[in-house]
file run26.cif (mmCIF, C-alpha atoms)
data_query
#
loop_
_atom_site.label_atom_id
_atom_site.label_comp_id
_atom_site.auth_asym_id
_atom_site.auth_seq_id
_atom_site.Cartn_x
_atom_site.Cartn_y
_atom_site.Cartn_z
CA MET C 1 8.70 -114.31 147.25
CA LYS C 2 7.23 -110.81 147.59
CA THR C 3 5.60 -111.18 144.20
CA THR C 4 4.09 -114.49 145.24
CA ILE C 5 2.53 -113.00 148.38
CA LEU C 6 1.20 -110.02 146.42
CA VAL C 7 -0.36 -112.26 143.79
CA ILE C 8 -1.93 -114.43 146.45
CA LEU C 9 -3.41 -111.42 148.27
CA LEU C 10 -4.80 -109.94 145.07
CA SER C 11 -6.32 -113.25 144.08
CA GLY C 12 -7.84 -113.53 147.52
CA LEU C 13 -9.49 -110.14 147.15
CA LEU C 14 -10.84 -111.03 143.73
CA CYS C 15 -12.25 -114.27 145.03
CA LEU C 16 -13.81 -112.46 148.01
CA SER C 17 -15.71 -110.16 145.67
CA ALA C 18 -17.02 -113.23 143.84
CA ALA C 19 -18.31 -114.56 147.16
CA ALA C 20 -20.08 -111.32 148.18
CA GLU C 21 -23.13 -111.90 150.33
CA THR C 22 -26.36 -111.37 148.52
CA VAL C 23 -29.90 -111.11 149.82
CA GLN C 24 -33.03 -111.77 147.88
CA VAL C 25 -36.27 -109.82 148.29
CA THR C 26 -38.98 -112.11 149.68
CA THR C 27 -41.94 -109.74 149.69
CA ARG C 28 -43.98 -108.73 146.66
CA GLU C 29 -42.67 -105.20 146.90
CA ASN C 30 -40.34 -103.29 149.17
CA ALA C 31 -37.94 -100.39 149.23
CA VAL C 32 -34.29 -99.53 149.60
CA ARG C 33 -34.21 -96.47 151.86
CA SER C 34 -31.70 -93.69 152.32
CA ASP C 35 -31.43 -94.36 156.07
CA CYS C 36 -31.90 -97.49 158.14
CA ARG C 37 -35.35 -96.60 159.47
CA PHE C 38 -38.94 -96.81 158.25
CA PHE C 39 -40.23 -93.54 156.77
CA ALA C 40 -36.74 -92.68 155.48
CA PRO C 41 -36.89 -91.55 151.83
CA VAL C 42 -37.19 -94.38 149.33
CA LYS C 43 -34.23 -94.53 146.97
CA LEU C 44 -35.35 -97.55 144.97
CA LYS C 45 -38.41 -99.78 144.88
CA VAL C 46 -37.59 -103.47 144.76
CA SER C 47 -39.76 -106.49 144.21
CA LEU C 48 -39.89 -110.24 144.84
CA GLY C 49 -36.75 -112.06 143.77
CA ASP C 50 -34.56 -108.98 143.31
CA GLN C 51 -31.03 -109.64 144.47
CA LEU C 52 -29.18 -107.06 146.51
CA THR C 53 -25.51 -107.02 147.40
CA VAL C 54 -24.89 -106.70 151.12
CA LYS C 55 -22.40 -104.06 152.20
CA GLY C 56 -22.98 -104.38 155.90
CA ARG C 57 -25.49 -104.64 158.75
CA LYS C 58 -26.96 -102.03 161.04
CA GLY C 59 -29.26 -103.47 163.69
CA ASP C 60 -32.24 -105.06 161.93
CA TRP C 61 -31.24 -103.54 158.60
CA TYR C 62 -29.03 -104.57 155.75
CA LEU C 63 -26.87 -101.97 154.03
CA VAL C 64 -27.24 -102.97 150.40
CA SER C 65 -26.48 -101.86 146.89
CA VAL C 66 -28.31 -102.54 143.67
CA GLU C 67 -28.28 -100.82 140.30
CA ASP C 68 -25.73 -98.25 141.50
CA VAL C 69 -28.03 -97.35 144.39
CA SER C 70 -26.96 -97.89 147.98
CA GLY C 71 -29.26 -97.84 150.97
CA CYS C 72 -31.00 -99.85 153.67
CA ILE C 73 -33.58 -102.62 153.61
CA HIS C 74 -35.17 -104.26 156.64
CA LYS C 75 -34.06 -107.82 157.34
CA SER C 76 -37.65 -109.12 157.34
CA ALA C 77 -37.99 -108.23 153.64
CA VAL C 78 -35.13 -110.36 152.44
CA GLU C 79 -33.56 -113.73 152.94
CA ALA C 80 -29.83 -114.11 153.28
CA ARG C 81 -28.05 -116.13 150.66
CA ARG C 82 -24.41 -116.44 149.84
CA PHE C 83 -23.56 -116.87 146.21
CA ALA C 84 -20.05 -118.07 145.50
CA SER C 85 -18.25 -118.90 142.31
CA ALA C 86 -17.92 -122.45 143.60
CA GLY C 87 -21.70 -122.69 143.29
CA ARG C 88 -22.46 -123.55 146.87
CA GLY C 89 -25.88 -123.43 148.44
CA ALA C 90 -27.10 -121.12 151.14
CA ALA C 91 -24.93 -119.99 153.97
CA SER C 92 -25.71 -121.17 157.47
CA GLY C 93 -28.99 -119.72 158.63
CA GLY C 94 -30.03 -119.04 155.07
CA THR C 95 -32.45 -120.90 152.90
CA SER C 96 -31.33 -124.24 151.64
CA ALA C 97 -31.13 -124.95 147.93
CA ASP C 98 -33.93 -127.44 148.41
CA GLU C 99 -36.21 -124.86 149.98
CA VAL C 100 -35.37 -122.40 147.21
CA SER C 101 -36.30 -124.96 144.60
CA LEU C 102 -39.58 -125.68 146.39
CA ALA C 103 -40.49 -122.02 146.85
CA GLY C 104 -43.54 -121.10 144.84
CA LYS C 105 -44.05 -124.67 143.73
CA GLY C 106 -46.66 -125.63 146.30
CA PHE C 107 -49.67 -123.46 146.93
CA ASN C 108 -49.35 -120.92 144.14
CA PRO C 109 -51.57 -118.94 141.73
CA GLN C 110 -52.22 -122.12 139.73
CA VAL C 111 -53.57 -123.86 142.83
CA GLU C 112 -55.57 -120.78 143.85
CA ALA C 113 -57.16 -120.73 140.39
CA GLY C 114 -58.15 -124.37 140.83
CA TYR C 115 -59.58 -123.66 144.28
CA ARG C 116 -61.65 -120.77 142.94
CA ASN C 117 -63.36 -123.23 140.60
CA SER C 118 -63.92 -125.84 143.31
CA GLY C 119 -67.47 -124.75 144.02
CA THR C 120 -66.74 -123.59 147.56
CA ASN C 121 -68.53 -120.40 148.55
CA LEU C 122 -65.73 -117.85 148.14
CA ASN C 123 -65.51 -114.11 147.75
CA TYR C 124 -62.16 -113.43 146.12
CA ALA C 125 -63.42 -110.08 144.84
CA ALA C 126 -63.58 -108.89 148.46
CA VAL C 127 -60.08 -110.27 149.12
CA ASP C 128 -58.69 -108.41 146.11
CA GLU C 129 -60.40 -105.29 147.42
CA ILE C 130 -58.81 -105.77 150.85
CA SER C 131 -55.41 -106.38 149.28
CA ARG C 132 -55.63 -103.02 147.56
CA ILE C 133 -56.15 -101.17 150.86
CA SER C 134 -53.09 -99.16 151.71
CA VAL C 135 -52.17 -96.05 153.62
CA SER C 136 -49.45 -93.74 152.41
CA GLU C 137 -46.23 -93.48 154.37
CA LYS C 138 -46.80 -89.79 154.77
CA SER C 139 -50.23 -90.24 156.35
CA LEU C 140 -48.91 -93.03 158.56
CA GLU C 141 -46.01 -90.89 159.71
CA SER C 142 -48.28 -87.98 160.64
CA PHE C 143 -50.75 -90.40 162.30
CA VAL C 144 -47.94 -91.69 164.49
CA GLN C 145 -46.77 -88.18 165.27
CA GLN C 146 -50.22 -86.77 166.04
CA GLY C 147 -51.06 -89.69 168.30
CA GLY C 148 -47.87 -89.31 170.31
CA LEU C 149 -46.78 -92.78 169.20
CA ILE C 150 -43.21 -93.95 168.78
CA GLN C 151 -41.54 -93.52 165.40
CA PRO C 152 -40.51 -96.94 164.11
CA MET J 1 13.15 -125.31 140.78
CA ARG J 2 10.41 -126.07 138.28
CA SER J 3 7.95 -126.79 141.06
CA ALA J 4 7.80 -123.11 142.20
CA PRO J 5 5.13 -121.99 139.65
CA LEU J 6 3.08 -125.06 140.46
CA VAL J 7 3.22 -124.24 144.17
CA LYS J 8 2.08 -120.69 143.40
CA ILE J 9 -0.82 -121.97 141.32
CA ALA J 10 -1.77 -124.44 144.02
CA LEU J 11 -1.66 -121.74 146.68
CA LEU J 12 -3.76 -119.43 144.51
CA MET J 13 -6.35 -122.13 144.02
CA ILE J 14 -6.52 -122.87 147.74
CA VAL J 15 -6.90 -119.18 148.64
CA CYS J 16 -9.57 -118.74 146.02
CA LEU J 17 -11.50 -121.83 147.06
CA LEU J 18 -11.36 -120.95 150.74
CA THR J 19 -12.50 -117.36 150.21
CA THR J 20 -15.44 -118.51 148.14
CA GLY J 21 -16.58 -120.72 150.96
CA PHE J 22 -15.28 -123.95 149.58
CA SER J 23 -15.25 -127.00 151.73
CA PHE J 24 -14.40 -130.53 150.81
CA THR J 25 -18.05 -131.45 150.99
CA ASP J 26 -18.28 -129.55 147.69
CA LEU J 27 -16.60 -132.47 146.08
CA ILE J 28 -19.93 -134.18 146.42
CA THR J 29 -22.19 -132.86 143.70
CA PRO J 30 -25.72 -131.65 144.45
CA GLU J 31 -27.05 -134.43 142.26
CA ARG J 32 -25.31 -137.02 144.39
CA ILE J 33 -26.57 -135.40 147.59
CA ASN J 34 -30.10 -135.31 146.23
CA ALA J 35 -29.98 -138.93 145.21
CA VAL J 36 -28.81 -140.06 148.63
CA THR J 37 -30.91 -137.82 150.83
CA SER J 38 -34.17 -137.35 148.94
CA THR J 39 -36.04 -139.72 151.23
CA ILE J 40 -34.61 -138.12 154.38
CA LYS J 41 -35.51 -134.68 153.08
CA SER J 42 -39.07 -135.73 152.26
CA VAL J 43 -39.59 -136.89 155.80
CA GLY J 44 -37.83 -133.85 157.30
CA LYS J 45 -39.73 -131.41 155.13
CA ALA J 46 -43.02 -132.86 156.25
CA ALA J 47 -42.76 -130.59 159.24
CA ARG J 48 -41.60 -127.65 157.14
CA PRO J 49 -43.86 -124.62 157.45
CA LEU J 50 -45.21 -123.10 154.29
CA SER J 51 -43.07 -120.54 152.55
CA ASP J 52 -44.20 -116.92 152.87
CA ASP J 53 -45.77 -116.89 149.42
CA GLU J 54 -47.64 -120.15 150.06
CA GLU J 55 -48.89 -118.73 153.36
CA TYR J 56 -50.11 -115.70 151.43
CA TYR J 57 -52.28 -117.88 149.18
CA VAL J 58 -53.67 -119.76 152.18
CA GLY J 59 -54.53 -116.43 153.83
CA ARG J 60 -56.26 -115.17 150.72
CA ALA J 61 -58.38 -118.31 150.54
CA VAL J 62 -59.30 -118.13 154.22
CA ALA J 63 -60.27 -114.48 153.78
CA ALA J 64 -62.30 -115.43 150.68
CA ARG J 65 -64.29 -117.90 152.77
CA LEU J 66 -64.75 -115.46 155.65
CA THR J 67 -65.94 -112.66 153.39
CA ALA J 68 -68.37 -115.05 151.73
CA THR J 69 -69.92 -115.51 155.18
CA TYR J 70 -69.48 -111.99 156.56
CA PRO J 71 -69.77 -109.23 153.94
CA LEU J 72 -67.29 -106.38 153.95
CA TYR J 73 -68.30 -103.20 155.74
CA ARG J 74 -67.26 -100.53 153.26
CA ASN J 75 -66.45 -97.38 155.15
CA SER J 76 -63.22 -95.91 153.79
CA ARG J 77 -62.76 -93.53 156.74
CA LEU J 78 -62.97 -96.29 159.33
CA THR J 79 -61.00 -98.72 157.19
CA ASP J 80 -58.18 -96.20 156.78
CA TYR J 81 -58.21 -95.57 160.52
CA LEU J 82 -57.97 -99.29 161.19
CA ASN J 83 -55.08 -99.61 158.76
CA LEU J 84 -53.20 -96.68 160.24
CA ILE J 85 -53.39 -98.22 163.71
CA GLY J 86 -52.50 -101.68 162.44
CA GLN J 87 -49.54 -100.50 160.36
CA ALA J 88 -48.26 -98.31 163.21
CA ILE J 89 -48.13 -101.46 165.37
CA ALA J 90 -46.82 -103.82 162.67
CA LEU J 91 -43.76 -101.65 162.09
CA HIS J 92 -42.70 -102.35 165.68
CA THR J 93 -42.98 -106.12 165.44
CA GLU J 94 -40.32 -108.64 164.47
CA LYS J 95 -42.09 -108.93 161.11
CA PRO J 96 -42.94 -105.41 159.93
CA THR J 97 -43.67 -106.64 156.42
CA THR J 98 -45.14 -109.85 155.09
CA PHE J 99 -45.10 -111.26 151.57
CA GLY J 100 -48.30 -109.41 150.60
CA GLY J 101 -48.30 -106.87 153.43
CA TYR J 102 -50.69 -106.34 156.32
CA HIS J 103 -54.22 -105.31 155.40
CA PHE J 104 -57.02 -104.57 157.85
CA ALA J 105 -60.72 -104.54 156.99
CA LEU J 106 -64.11 -104.38 158.63
CA LEU J 107 -66.84 -107.01 158.38
CA ASP J 108 -70.49 -106.07 158.46
CA SER J 109 -71.59 -108.12 161.45
CA PRO J 110 -72.85 -107.16 164.92
CA GLU J 111 -71.02 -110.20 166.29
CA ILE J 112 -67.92 -109.38 168.35
CA ASN J 113 -65.13 -111.09 166.46
CA ALA J 114 -61.72 -110.73 164.86
CA PHE J 115 -59.87 -113.01 162.45
CA ALA J 116 -56.19 -113.23 161.60
CA CYS J 117 -55.83 -114.78 158.16
CA PRO J 118 -52.36 -116.22 157.52
CA GLY J 119 -50.06 -113.89 155.66
CA GLY J 120 -51.37 -110.59 156.95
CA ILE J 121 -55.09 -110.01 156.34
CA ILE J 122 -56.87 -109.08 159.57
CA LEU J 123 -60.64 -108.77 159.67
CA ILE J 124 -62.65 -107.35 162.53
CA THR J 125 -66.39 -107.05 162.81
CA ARG J 126 -68.44 -103.91 163.32
CA GLY J 127 -69.48 -105.49 166.62
CA MET J 128 -65.85 -105.62 167.70
CA LEU J 129 -65.31 -102.02 166.73
CA ALA J 130 -68.37 -101.01 168.74
CA SER J 131 -67.16 -102.96 171.78
CA VAL J 132 -63.85 -101.11 172.23
CA LYS J 133 -63.82 -97.78 174.01
CA SER J 134 -60.54 -96.20 172.93
CA GLU J 135 -57.90 -96.25 170.22
CA ASP J 136 -55.56 -98.06 172.59
CA GLU J 137 -58.11 -100.83 173.14
CA LEU J 138 -58.62 -101.14 169.39
CA ALA J 139 -54.84 -101.23 168.98
CA ALA J 140 -54.75 -104.06 171.54
CA VAL J 141 -57.22 -106.12 169.47
CA LEU J 142 -55.15 -105.61 166.31
CA ALA J 143 -51.85 -106.28 168.12
CA HIS J 144 -53.25 -109.59 169.39
CA GLU J 145 -54.28 -110.62 165.86
CA ILE J 146 -50.89 -109.55 164.47
CA GLY J 147 -49.39 -111.81 167.12
CA HIS J 148 -51.36 -114.77 165.73
CA ILE J 149 -50.09 -114.00 162.21
CA ILE J 150 -46.46 -113.67 163.25
CA HIS J 151 -46.69 -116.88 165.29
CA ARG J 152 -48.26 -118.57 162.25
CA ASP J 153 -51.04 -119.95 164.47
CA GLY J 154 -53.41 -120.29 161.51
CA ILE J 155 -50.87 -122.30 159.55
CA ALA J 156 -50.30 -124.50 162.60
CA ALA J 157 -53.94 -125.55 162.35
CA ILE J 158 -53.26 -127.38 159.09
CA ARG J 159 -52.92 -131.11 159.62
CA SER J 160 -49.33 -132.27 159.13
CA SER J 161 -50.44 -135.17 156.92
CA ARG J 162 -51.36 -132.59 154.29
CA TRP J 163 -47.75 -131.32 154.24
CA THR J 164 -46.48 -134.80 153.64
CA GLU J 165 -48.85 -135.35 150.74
CA ALA J 166 -48.19 -131.91 149.26
CA LEU J 167 -44.45 -132.42 149.44
CA LEU J 168 -44.73 -135.71 147.63
CA VAL J 169 -46.50 -133.93 144.76
CA ILE J 170 -44.13 -130.95 144.78
CA GLY J 171 -41.03 -133.09 145.12
CA SER J 172 -41.96 -135.30 142.19
CA ASN J 173 -42.47 -132.35 139.88
CA ALA J 174 -39.42 -130.60 138.49
CA ALA J 175 -41.37 -127.97 136.55
CA ARG J 176 -42.93 -124.87 138.08
CA GLU J 177 -46.22 -125.59 136.33
CA PHE J 178 -48.09 -128.71 137.40
CA GLY J 179 -49.89 -131.15 135.17
CA PRO J 180 -53.67 -131.60 135.57
CA LYS J 181 -53.35 -134.60 137.89
CA ASP J 182 -50.86 -132.94 140.25
CA THR J 183 -52.82 -129.68 140.17
CA ALA J 184 -56.01 -131.51 141.12
CA LYS J 185 -54.21 -133.20 144.00
CA LEU J 186 -52.71 -129.93 145.23
CA VAL J 187 -56.05 -128.12 144.94
CA SER J 188 -57.63 -130.85 147.04
CA LEU J 189 -54.86 -130.54 149.66
CA PHE J 190 -55.19 -126.77 149.55
CA GLU J 191 -58.95 -127.04 150.09
CA GLY J 192 -58.38 -129.32 153.08
CA SER J 193 -55.81 -126.91 154.48
CA ILE J 194 -58.22 -123.99 154.16
CA ASP J 195 -60.90 -126.05 155.94
CA ASP J 196 -58.47 -126.70 158.80
CA VAL J 197 -57.65 -123.01 159.22
CA PHE J 198 -61.24 -121.85 158.74
CA LYS J 199 -62.58 -124.27 161.38
CA THR J 200 -59.96 -123.06 163.85
CA LEU J 201 -60.74 -119.41 163.21
CA VAL J 202 -64.54 -119.68 163.19
CA VAL J 203 -65.48 -122.76 165.19
CA ASN J 204 -62.81 -124.19 167.47
CA GLY J 205 -60.54 -121.22 168.18
CA TYR J 206 -56.83 -121.36 168.93
CA GLY J 207 -55.38 -123.21 171.87
CA ARG J 208 -54.92 -121.54 175.25
CA ASP J 209 -51.16 -121.41 174.81
CA GLN J 210 -51.54 -119.71 171.44
CA GLU J 211 -53.89 -117.14 172.94
CA LYS J 212 -51.51 -116.55 175.81
CA SER J 213 -48.57 -116.09 173.42
CA ALA J 214 -50.54 -113.71 171.22
CA ASP J 215 -51.52 -111.67 174.28
CA SER J 216 -47.95 -111.60 175.48
CA ALA J 217 -46.69 -110.52 172.04
CA ALA J 218 -49.44 -107.90 171.85
CA LEU J 219 -48.30 -106.31 175.12
CA GLY J 220 -44.78 -105.97 173.71
CA TYR J 221 -45.96 -104.59 170.36
CA LEU J 222 -48.23 -102.05 172.04
CA ALA J 223 -45.47 -100.79 174.31
CA ALA J 224 -42.98 -100.64 171.43
CA ALA J 225 -45.43 -98.64 169.32
CA GLY J 226 -46.23 -96.24 172.16
CA TYR J 227 -49.74 -97.52 172.84
CA ASP J 228 -50.81 -98.15 176.41
CA PRO J 229 -50.57 -101.92 177.03
CA GLN J 230 -53.38 -101.46 179.55
CA GLY J 231 -55.58 -101.23 176.48
CA LEU J 232 -55.47 -105.02 176.34
CA THR J 233 -56.52 -105.29 179.97
CA GLY J 234 -59.36 -102.86 179.36
CA TYR J 235 -60.54 -104.74 176.29
CA LEU J 236 -60.38 -108.17 177.97
CA THR J 237 -62.27 -106.85 180.98
CA ARG J 238 -65.00 -105.66 178.66
CA LEU J 239 -64.98 -109.00 176.87
CA GLU J 240 -65.25 -110.86 180.15
CA GLN J 241 -68.26 -108.78 181.17
CA ALA J 242 -69.88 -109.33 177.77
CA GLY J 243 -69.28 -113.06 178.13
CA LYS J 244 -71.44 -113.18 181.23
CA GLY J 245 -74.49 -112.11 179.32
CA SER J 246 -74.15 -113.58 175.84
CA LYS J 247 -72.57 -116.23 173.70
CA GLY J 248 -71.31 -116.51 170.14
CA GLY J 249 -68.61 -114.80 168.09
CA ILE J 250 -65.27 -114.33 169.76
CA LEU J 251 -66.65 -115.65 173.05
CA THR J 252 -66.99 -119.05 171.41
CA THR J 253 -63.58 -119.11 169.77
CA HIS J 254 -61.71 -117.32 172.54
CA PRO J 255 -62.66 -119.13 175.74
CA GLY J 256 -61.11 -118.49 179.12
CA THR J 257 -61.17 -114.71 179.01
CA ASP J 258 -60.77 -114.61 182.77
CA GLU J 259 -57.61 -116.71 182.47
CA ARG J 260 -56.24 -114.46 179.70
CA LEU J 261 -57.03 -111.41 181.78
CA GLU J 262 -55.19 -112.86 184.74
CA ASN J 263 -52.16 -113.69 182.57
CA VAL J 264 -52.08 -110.19 181.11
CA ARG J 265 -52.38 -108.59 184.55
CA GLN J 266 -49.45 -110.66 185.79
CA SER J 267 -47.26 -109.82 182.79
CA THR J 268 -44.40 -107.40 183.19
CA VAL J 269 -44.64 -104.64 180.64
CA ALA J 270 -42.27 -101.78 179.97
CA ALA J 271 -43.51 -98.41 181.20
CA VAL J 272 -45.05 -96.32 178.45
CA ASP J 273 -45.53 -92.57 178.29
CA ILE J 274 -49.30 -92.16 178.28
CA SER J 275 -49.36 -88.36 178.09
CA SER J 276 -50.75 -88.57 174.53
CA LEU J 277 -53.54 -90.95 175.53
CA PRO J 278 -56.18 -88.17 175.68
CA SER J 279 -55.40 -87.00 172.13
CA ARG J 280 -55.75 -90.58 170.83
CA THR J 281 -58.98 -91.02 172.76
CA ARG J 282 -60.29 -87.82 171.17
CA ARG J 283 -59.48 -88.91 167.64
CA PHE J 284 -61.06 -92.29 168.35
CA ALA J 285 -64.25 -90.59 169.51
CA GLU J 286 -64.29 -88.40 166.38
CA MET J 287 -63.75 -91.41 164.17
CA ILE J 288 -66.30 -93.74 165.74
CA ARG J 289 -69.17 -91.30 166.33
#
call {"tool": "encode", "arguments": {"input": "run26.cif", "output": "structure tokens"}}
result
Amino acid sequence: MKTTILVILLSGLLCLSAAAETVQVTTRENAVRSDCRFFAPVKLKVSLGDQLTVKGRKGDWYLVSVEDVSGCIHKSAVEARRFASAGRGAASGGTSADEVSLAGKGFNPQVEAGYRNSGTNLNYAAVDEISRISVSEKSLESFVQQGGLIQP
Amino acid sequence: MRSAPLVKIALLMIVCLLTTGFSFTDLITPERINAVTSTIKSVGKAARPLSDDEEYYVGRAVAARLTATYPLYRNSRLTDYLNLIGQAIALHTEKPTTFGGYHFALLDSPEINAFACPGGIILITRGMLASVKSEDELAAVLAHEIGHIIHRDGIAAIRSSRWTEALLVIGSNAAREFGPKDTAKLVSLFEGSIDDVFKTLVVNGYGRDQEKSADSAALGYLAAAGYDPQGLTGYLTRLEQAGKGSKGGILTTHPGTDERLENVRQSTVAAVDISSLPSRTRRFAEMIR
């Protein structure tokens, strides 16, 4: 009887690991940080579609691990999904399988390319220029500090 | 006696299935579900907002149309300043990052105006920059526009019939790449969607409720970031005074400034330490001179 219970518990643990919660990066690029706050050192850069294993939650942050790196990522950069060996869809509150299958299939680079050739007066060169504008985390951090603003 | 191993196996299977989130609905295959509910889903999804990446492409197209009308004002010092303020606020919102990120740029126009393109591109005119008198007022303008982006007000301008049509095309296509016919249809729907957003941003403006919500959100973002929420009151007061003498630009697309001002004045906002206000005002003056 003892053996039976032990086997059942071990099997349960194994199955739990197979059902570990996973989140998927939904922004073009993001970062896993050493602490659960913006401006914390970046441990790993992640990009759209990367899957991270959730170890826990801390406020608005997920504690995640990926490629032997553990750290924090903000909840707005990922969508929660639960992958199980039974092949189920998203967990409650997550994205449905249908939405996942539709993602990227509507207005996408192919459609943008068609729109560019539509003859409408467009200035995509300016948009690409705007999209390249960025400020470094270091300069943003000192800007916040010097202006007496609140650290995020 | 022989049934003991079978019981163990059965128990193991049940434990395993339950811990992996099994439910008896899993007995129904996805294919079966799809076959039965495809029509229901098509109708339900008609109201589905665009995904973040689709919103990004809409925003890019709207910005491409705006910058074809208003050229970019290329001043890296001012543009960096704008982006530092905008990012400092965005990090305190419920959506600190978007699919393509927040980007702030200046347009070379004396008109007083600001545009929130879906997905995170925010454009303000030189005229707008000249109209604000402090960093906190400029922060208020950007916080308001960030509010429109987070509330997806631009996306809400797209007629729902376009969703329905787009979903019919998307739903009928299993591949990620579309054929020429479907692409042409989607491009046409995309073009119509951009027209809807563009007209709202440039001609009609958002609804009063959307403006009120964006103002309310802006007050919260400003306080959370450490900016003085009174910056929004100051800016709206200035806008109201400007509205008495001229027309065009933001005064056309943002009517009812007096009503907005009244709403903002009546809003309860958390107290903010304003001891650093003078240092921000100084750096604003150095930047704008």
call {"tool": "atom_distance", "arguments": {"input": "run26.cif", "atom1": "atom CA of J:Gly207", "atom2": "atom CA of C:Glu112"}}
result
28.1 Å
call {"tool": "resolve_selection", "arguments": {"input": "run26.cif", "expression": "the PyMOL selection byres ((chain J and resi 218-220) around 8)", "output": "list in words"}}
result
Ala140, Ala143, His144, Ile146, Gly147, Ala214, Asp215, Ser216, Ala217, Tyr221, Leu222, Ala223, Ala224, Pro229, Leu232, Val269 and Ala270 of chain J
call {"tool": "closest_residue", "arguments": {"input": "run26.cif", "among": "J:Asp136, J:Glu259, J:Glu145, J:Glu191", "to": "J:Phe104", "atoms": "all atoms listed in the file"}}
result
J:Glu145
call {"tool": "resolve_selection", "arguments": {"input": "run26.cif", "expression": "the PyMOL selection byres ((chain C and resi 149) around 8)", "output": "MDAnalysis selection string"}}
result
(chainID C and resid 144:148 150:151) or (chainID J and resid 225:227 276)
call {"tool": "write_last_selection", "arguments": {"input": "run26.cif", "atoms": "C-alpha atoms", "output": "PDB file, keeping the file's coordinate frame"}}
result
ATOM      1  CA  VAL C 144     -47.940 -91.690 164.490  1.00  0.00           C
ATOM      2  CA  GLN C 145     -46.770 -88.180 165.270  1.00  0.00           C
ATOM      3  CA  GLN C 146     -50.220 -86.770 166.040  1.00  0.00           C
ATOM      4  CA  GLY C 147     -51.060 -89.690 168.300  1.00  0.00           C
ATOM      5  CA  GLY C 148     -47.870 -89.310 170.310  1.00  0.00           C
ATOM      6  CA  ILE C 150     -43.210 -93.950 168.780  1.00  0.00           C
ATOM      7  CA  GLN C 151     -41.540 -93.520 165.400  1.00  0.00           C
TER       8      GLN C 151
ATOM      9  CA  ALA J 225     -45.430 -98.640 169.320  1.00  0.00           C
ATOM     10  CA  GLY J 226     -46.230 -96.240 172.160  1.00  0.00           C
ATOM     11  CA  TYR J 227     -49.740 -97.520 172.840  1.00  0.00           C
ATOM     12  CA  SER J 276     -50.750 -88.570 174.530  1.00  0.00           C
TER      13      SER J 276
END
call {"tool": "atom_distance", "arguments": {"input": "run26.cif", "atom1": "atom CA of C:Glu141", "atom2": "atom CA of C:Ser47"}}
result
22.9 Å
call {"tool": "atom_distance", "arguments": {"input": "run26.cif", "atom1": "atom CA of J:Pro118", "atom2": "atom CA of J:Ser193"}}
result
11.6 Å
call {"tool": "closest_residue", "arguments": {"input": "run26.cif", "among": "J:Tyr73, J:Ser275, J:Val62, J:Gly243", "to": "J:Gly192", "atoms": "only C-alpha atoms"}}
result
J:Val62
call {"tool": "closest_residue", "arguments": {"input": "run26.cif", "among": "J:Asp153, J:Glu286, J:Asp209, J:Asp273", "to": "chain C", "atoms": "all atoms listed in the file"}}
result
J:Asp273
call {"tool": "build_atoms", "arguments": {"input": "run26.cif", "residues": "stretch 189-199 of chain J", "atoms": "N, CA and C atoms", "output": "PDB file, keeping the file's coordinate frame"}}
result
ATOM      1  N   LEU J 189     -55.614-130.742 148.406  1.00  0.00           N
ATOM      2  CA  LEU J 189     -54.860-130.540 149.660  1.00  0.00           C
ATOM      3  C   LEU J 189     -55.013-129.103 150.156  1.00  0.00           C
ATOM      4  N   PHE J 190     -55.016-128.183 149.220  1.00  0.00           N
ATOM      5  CA  PHE J 190     -55.190-126.770 149.550  1.00  0.00           C
ATOM      6  C   PHE J 190     -56.555-126.558 150.194  1.00  0.00           C
ATOM      7  N   GLU J 191     -57.582-127.157 149.582  1.00  0.00           N
ATOM      8  CA  GLU J 191     -58.950-127.040 150.090  1.00  0.00           C
ATOM      9  C   GLU J 191     -59.031-127.583 151.522  1.00  0.00           C
ATOM     10  N   GLY J 192     -58.403-128.721 151.730  1.00  0.00           N
ATOM     11  CA  GLY J 192     -58.380-129.320 153.080  1.00  0.00           C
ATOM     12  C   GLY J 192     -57.669-128.411 154.063  1.00  0.00           C
ATOM     13  N   SER J 193     -56.577-127.811 153.613  1.00  0.00           N
ATOM     14  CA  SER J 193     -55.810-126.910 154.480  1.00  0.00           C
ATOM     15  C   SER J 193     -56.640-125.698 154.870  1.00  0.00           C
ATOM     16  N   ILE J 194     -57.370-125.160 153.895  1.00  0.00           N
ATOM     17  CA  ILE J 194     -58.220-123.990 154.160  1.00  0.00           C
ATOM     18  C   ILE J 194     -59.315-124.360 155.160  1.00  0.00           C
ATOM     19  N   ASP J 195     -59.877-125.569 154.991  1.00  0.00           N
ATOM     20  CA  ASP J 195     -60.900-126.050 155.940  1.00  0.00           C
ATOM     21  C   ASP J 195     -60.335-126.085 157.353  1.00  0.00           C
ATOM     22  N   ASP J 196     -59.106-126.601 157.476  1.00  0.00           N
ATOM     23  CA  ASP J 196     -58.470-126.700 158.800  1.00  0.00           C
ATOM     24  C   ASP J 196     -58.362-125.316 159.446  1.00  0.00           C
ATOM     25  N   VAL J 197     -57.857-124.359 158.670  1.00  0.00           N
ATOM     26  CA  VAL J 197     -57.650-123.010 159.220  1.00  0.00           C
ATOM     27  C   VAL J 197     -58.996-122.353 159.529  1.00  0.00           C
ATOM     28  N   PHE J 198     -59.928-122.477 158.591  1.00  0.00           N
ATOM     29  CA  PHE J 198     -61.240-121.850 158.740  1.00  0.00           C
ATOM     30  C   PHE J 198     -61.955-122.362 159.995  1.00  0.00           C
ATOM     31  N   LYS J 199     -61.920-123.678 160.197  1.00  0.00           N
ATOM     32  CA  LYS J 199     -62.580-124.270 161.380  1.00  0.00           C
ATOM     33  C   LYS J 199     -61.956-123.731 162.666  1.00  0.00           C
TER      34      LYS J 199
END
